[in-house]
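> This one is data.cif, mmCIF, C-alpha atoms.
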```cif
data_input
loop_
_atom_site.label_atom_id
_atom_site.label_comp_id
_atom_site.auth_asym_id
_atom_site.auth_seq_id
_atom_site.Cartn_x
_atom_site.Cartn_y
_atom_site.Cartn_z
CA MET W 1 0.00 0.00 0.00
CA THR W 2 1.26 3.48 -0.88
CA PHE W 3 0.13 6.38 1.29
CA ALA W 4 -0.61 9.81 -0.22
CA PHE W 5 2.29 11.46 1.63
CA GLU W 6 4.69 9.09 -0.11
CA LYS W 7 3.68 10.56 -3.49
CA ILE W 8 4.21 14.17 -2.47
CA ASP W 9 7.36 15.53 -4.06
CA THR W 10 9.06 18.81 -4.78
CA ALA W 11 7.76 20.25 -8.02
CA LEU W 12 8.80 23.19 -10.14
CA ILE W 13 5.96 25.63 -10.89
CA ASP W 14 6.23 27.48 -14.19
CA VAL W 15 5.05 30.86 -12.87
CA ASP W 16 5.56 32.57 -16.26
CA ALA W 17 2.96 30.22 -17.79
CA LEU W 18 0.29 31.23 -15.27
CA PRO W 19 -2.06 34.09 -16.23
CA TRP W 20 -2.35 37.52 -14.63
CA MET W 21 -6.00 37.93 -13.57
CA PRO W 22 -7.68 41.28 -12.89
CA PHE W 23 -8.53 41.66 -9.21
CA THR W 24 -12.14 42.48 -9.98
CA PRO W 25 -14.50 43.60 -8.59
CA TYR W 26 -12.13 45.33 -6.16
CA ALA W 27 -9.83 46.98 -8.69
CA ASP W 28 -9.66 46.78 -12.50
CA ASP W 29 -5.99 47.78 -12.68
CA ALA W 30 -4.72 45.40 -9.97
CA PHE W 31 -3.70 41.92 -11.12
CA LEU W 32 -3.16 38.59 -9.37
CA LYS W 33 -1.27 35.52 -10.46
CA LEU W 34 -2.30 32.44 -8.46
CA ILE W 35 0.79 30.28 -7.99
CA LYS W 36 -0.19 27.64 -5.43
CA VAL W 37 -2.90 26.68 -2.96
CA ASN W 38 -2.83 24.19 -0.11
CA PRO W 39 -6.41 23.20 0.80
CA VAL W 40 -5.18 21.35 3.91
CA SER W 41 -3.50 24.37 5.56
CA GLY W 42 -5.57 27.08 3.84
CA GLU W 43 -2.42 28.65 2.41
CA TRP W 44 -2.47 30.45 -0.95
CA ILE W 45 0.44 32.03 -2.78
CA THR W 46 0.04 34.82 -5.32
CA LEU W 47 1.86 37.56 -7.12
CA LEU W 48 0.11 40.94 -6.90
CA LYS W 49 0.79 43.74 -9.37
CA ILE W 50 -0.62 47.27 -8.96
CA PRO W 51 0.17 50.74 -10.31
CA GLY W 52 2.28 52.85 -7.95
CA TYR W 53 -0.59 55.30 -7.36
CA MET W 54 -3.13 52.66 -6.28
CA GLN W 55 -4.68 52.13 -2.87
CA LEU W 56 -6.32 48.77 -2.24
CA PRO W 57 -9.21 48.19 0.19
CA LYS W 58 -8.47 47.80 3.88
CA HIS W 59 -8.20 44.14 4.85
CA HIS W 60 -8.20 41.92 7.90
CA HIS W 61 -6.97 38.33 7.92
CA SER W 62 -7.45 35.31 10.13
CA GLY W 63 -3.94 33.92 9.59
CA THR W 64 -0.50 35.28 8.86
CA VAL W 65 0.40 37.05 5.63
CA MET W 66 3.98 37.28 4.37
CA VAL W 67 4.78 39.79 1.63
CA TYR W 68 8.05 39.99 -0.28
CA THR W 69 8.39 43.09 -2.48
CA LEU W 70 9.78 42.35 -5.93
CA SER W 71 9.49 45.87 -7.37
CA GLY W 72 8.14 49.30 -6.56
CA SER W 73 7.34 50.76 -3.16
CA TRP W 74 4.25 50.49 -0.98
CA ARG W 75 3.06 50.94 2.57
CA TYR W 76 0.11 50.53 4.88
CA LEU W 77 -1.65 53.78 5.63
CA GLU W 78 -1.70 52.72 9.28
CA HIS W 79 2.13 52.48 9.51
CA ASP W 80 5.10 54.83 9.02
CA TRP W 81 7.36 52.43 7.09
CA VAL W 82 7.68 52.02 3.30
CA ALA W 83 8.49 48.63 1.77
CA SER W 84 10.58 48.60 -1.41
CA ALA W 85 12.22 45.95 -3.59
CA GLY W 86 13.78 43.34 -1.31
CA SER W 87 11.64 44.20 1.72
CA PHE W 88 9.81 41.48 3.65
CA VAL W 89 6.66 42.26 5.63
CA TYR W 90 5.24 39.76 8.13
CA GLU W 91 1.66 40.49 9.11
CA THR W 92 0.29 38.91 12.26
CA ALA W 93 -3.12 37.27 12.31
CA GLY W 94 -6.00 39.55 13.23
CA SER W 95 -4.34 42.77 12.05
CA GLN W 96 -5.93 45.32 9.69
CA HIS W 97 -4.13 47.29 6.98
CA THR W 98 -4.80 49.53 3.98
CA PRO W 99 -2.18 48.87 1.28
CA ALA W 100 -1.14 51.76 -0.95
CA GLY W 101 1.52 52.22 -3.58
CA VAL W 102 4.18 54.88 -3.04
CA GLY W 103 5.52 56.68 -6.10
CA ASP W 104 4.97 56.05 -9.80
CA GLU W 105 6.68 52.67 -10.26
CA GLU W 106 4.51 49.57 -10.60
CA VAL W 107 4.44 47.50 -7.40
CA CYS W 108 4.82 43.72 -7.57
CA THR W 109 4.74 41.53 -4.46
CA LEU W 110 4.87 37.83 -3.65
CA ASN W 111 2.17 37.08 -1.06
CA ILE W 112 1.89 33.99 1.12
CA VAL W 113 -1.47 34.01 2.89
CA THR W 114 -2.83 31.54 5.43
CA GLY W 115 -6.60 31.50 5.97
CA ASP W 116 -9.23 34.07 5.10
CA TRP W 117 -8.48 37.56 3.83
CA ASN W 118 -11.41 39.88 4.61
CA LEU W 119 -11.89 43.12 2.66
CA ILE W 120 -13.23 45.79 5.00
CA GLY W 121 -15.57 48.65 4.07
CA PRO W 122 -15.51 52.24 5.38
CA GLU W 123 -17.94 51.40 8.21
CA GLY W 124 -15.86 48.40 9.28
CA GLN W 125 -18.15 45.89 7.58
CA VAL W 126 -16.80 42.83 5.77
CA LEU W 127 -17.29 43.43 2.04
CA ALA W 128 -15.87 40.13 0.83
CA ILE W 129 -13.88 37.13 2.02
CA GLU W 130 -11.08 35.73 -0.11
CA ASN W 131 -9.27 32.46 0.61
CA TRP W 132 -7.62 29.56 -1.22
CA LYS W 133 -10.97 28.31 -2.52
CA SER W 134 -12.21 31.68 -3.82
CA MET W 135 -8.81 32.16 -5.49
CA VAL W 136 -9.10 28.79 -7.26
CA GLN W 137 -12.65 29.69 -8.37
CA ARG W 138 -11.41 33.06 -9.65
CA TYR W 139 -8.57 31.30 -11.50
CA LEU W 140 -10.82 28.67 -13.10
CA GLN W 141 -13.39 31.27 -14.17
CA TYR W 142 -10.65 33.41 -15.70
CA CYS W 143 -9.16 30.45 -17.56
CA GLU W 144 -12.54 29.39 -18.92
CA ALA W 145 -13.48 32.91 -20.03
CA ASN W 146 -10.11 33.43 -21.75
CA GLY W 147 -9.48 30.02 -23.29
CA VAL W 148 -6.54 29.29 -21.00
CA GLU W 149 -5.78 25.68 -20.05
CA PRO W 150 -5.73 25.70 -16.22
CA VAL W 151 -2.91 24.13 -14.24
CA ASP W 152 -3.81 22.25 -11.06
CA VAL W 153 -2.34 24.75 -8.58
CA SER W 154 -3.53 22.53 -5.71
CA SER W 155 -1.51 19.46 -6.75
CA PHE W 156 1.47 18.13 -4.85
CA GLU W 157 2.42 15.62 -7.51
CA VAL W 158 5.35 15.97 -9.88
CA ARG W 159 4.11 16.60 -13.43
#
```
Can you turn what I pasted into structure tokens?


Amino acid sequence: MTFAFEKIDTALIDVDALPWMPFTPYADDAFLKLIKVNPVSGEWITLLKIPGYMQLPKHHHSGTVMVYTLSGSWRYLEHDWVASAGSFVYETAGSQHTPAGVGDEEVCTLNIVTGDWNLIGPEGQVLAIENWKSMVQRYLQYCEANGVEPVDVSSFEVR
């Protein structure tokens, strides 16, 4: 008998082959690239790309969020620091932030999220909840609408 864990292996993900998806309905000029999801832990990994002038909605999350800045500069309106290329931000669970670009250069970040990511409205209400499952649904809908062959971003098997 072979157990599932015995088939799990390190696999290379061809990130360039994955599509950039608009982050609608929250922002038409923000784009996500879903790289990997882990339904067991609730972790989802994305690239996020926004114009330098953009402010995204305030968010709250149930788990940790780790953000590595690849290009551009950004900050949280609630903090004094500015992250730039090479910066690493570790967000604790239960914290709220309003991300905003700083400057004119496009911002691109690698985001590792565990659990739910709640978008918060101006009155403190939850506008939407994003998580690994909603990201997979977004990805599959985008692929279907654009004639893109989806890759199983939830797989742990070598392909």

> Give me the result of the PyMOL selection byres ((chain W and resi 93) around 7) on this file, residue by residue, as a ChimeraX atom specification.

/W:61-64,91-92,94-95

> If you take all atoms listed in the file and a cut-off of 9 Å, which residues of region 2-118 of chain W touch region 137-144 of chain W, and what are their nearest atom pairs and distances in Å to one decimal, in chain and number order, as JSON lines?


```
{"residue": "W:Pro19", "atom": "CA", "partner": "W:Cys143", "partner_atom": "CA", "distance": 8.1}
{"residue": "W:Met21", "atom": "CA", "partner": "W:Tyr142", "partner_atom": "CA", "distance": 6.8}
{"residue": "W:Pro22", "atom": "CA", "partner": "W:Tyr142", "partner_atom": "CA", "distance": 8.9}
{"residue": "W:Lys33", "atom": "CA", "partner": "W:Tyr139", "partner_atom": "CA", "distance": 8.5}
{"residue": "W:Leu34", "atom": "CA", "partner": "W:Tyr139", "partner_atom": "CA", "distance": 7.1}
```

> Do you know which residues the PyMOL selection byres ((chain W and resi 108-122) around 6) returns on this file, as a ChimeraX atom specification?

/W:42-49,58-71,107,123-131

> Choose the residue, out of W:Gly101, W:Lys36, W:Thr2, W:Ala85, that has the smallest atom-to-atom separation from Leu18 (chain W); count only C-alpha atoms.

W:Lys36

> Find, counting all atoms listed in the file, the residue in W:Glu78, W:Glu106, W:Asp152, W:Asp16 that gets nearest to Asp29 (chain W).

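Between W:Glu78, W:Glu106, W:Asp152, W:Asp16, the residue approaching Asp29 (chain W) most closely is W:Glu106.
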
> Please indicate the distance in Å from CA of Ser41 (chain W) to CA of Tyr90 (chain W), rounded to one decimal place.

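Interatomic distance here is 17.9 Å.
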
> I'd like the interatomic distance between CA of Leu32 (chain W) and CA of Ser73 (chain W), to a tenth of an Å.

17.2 Å
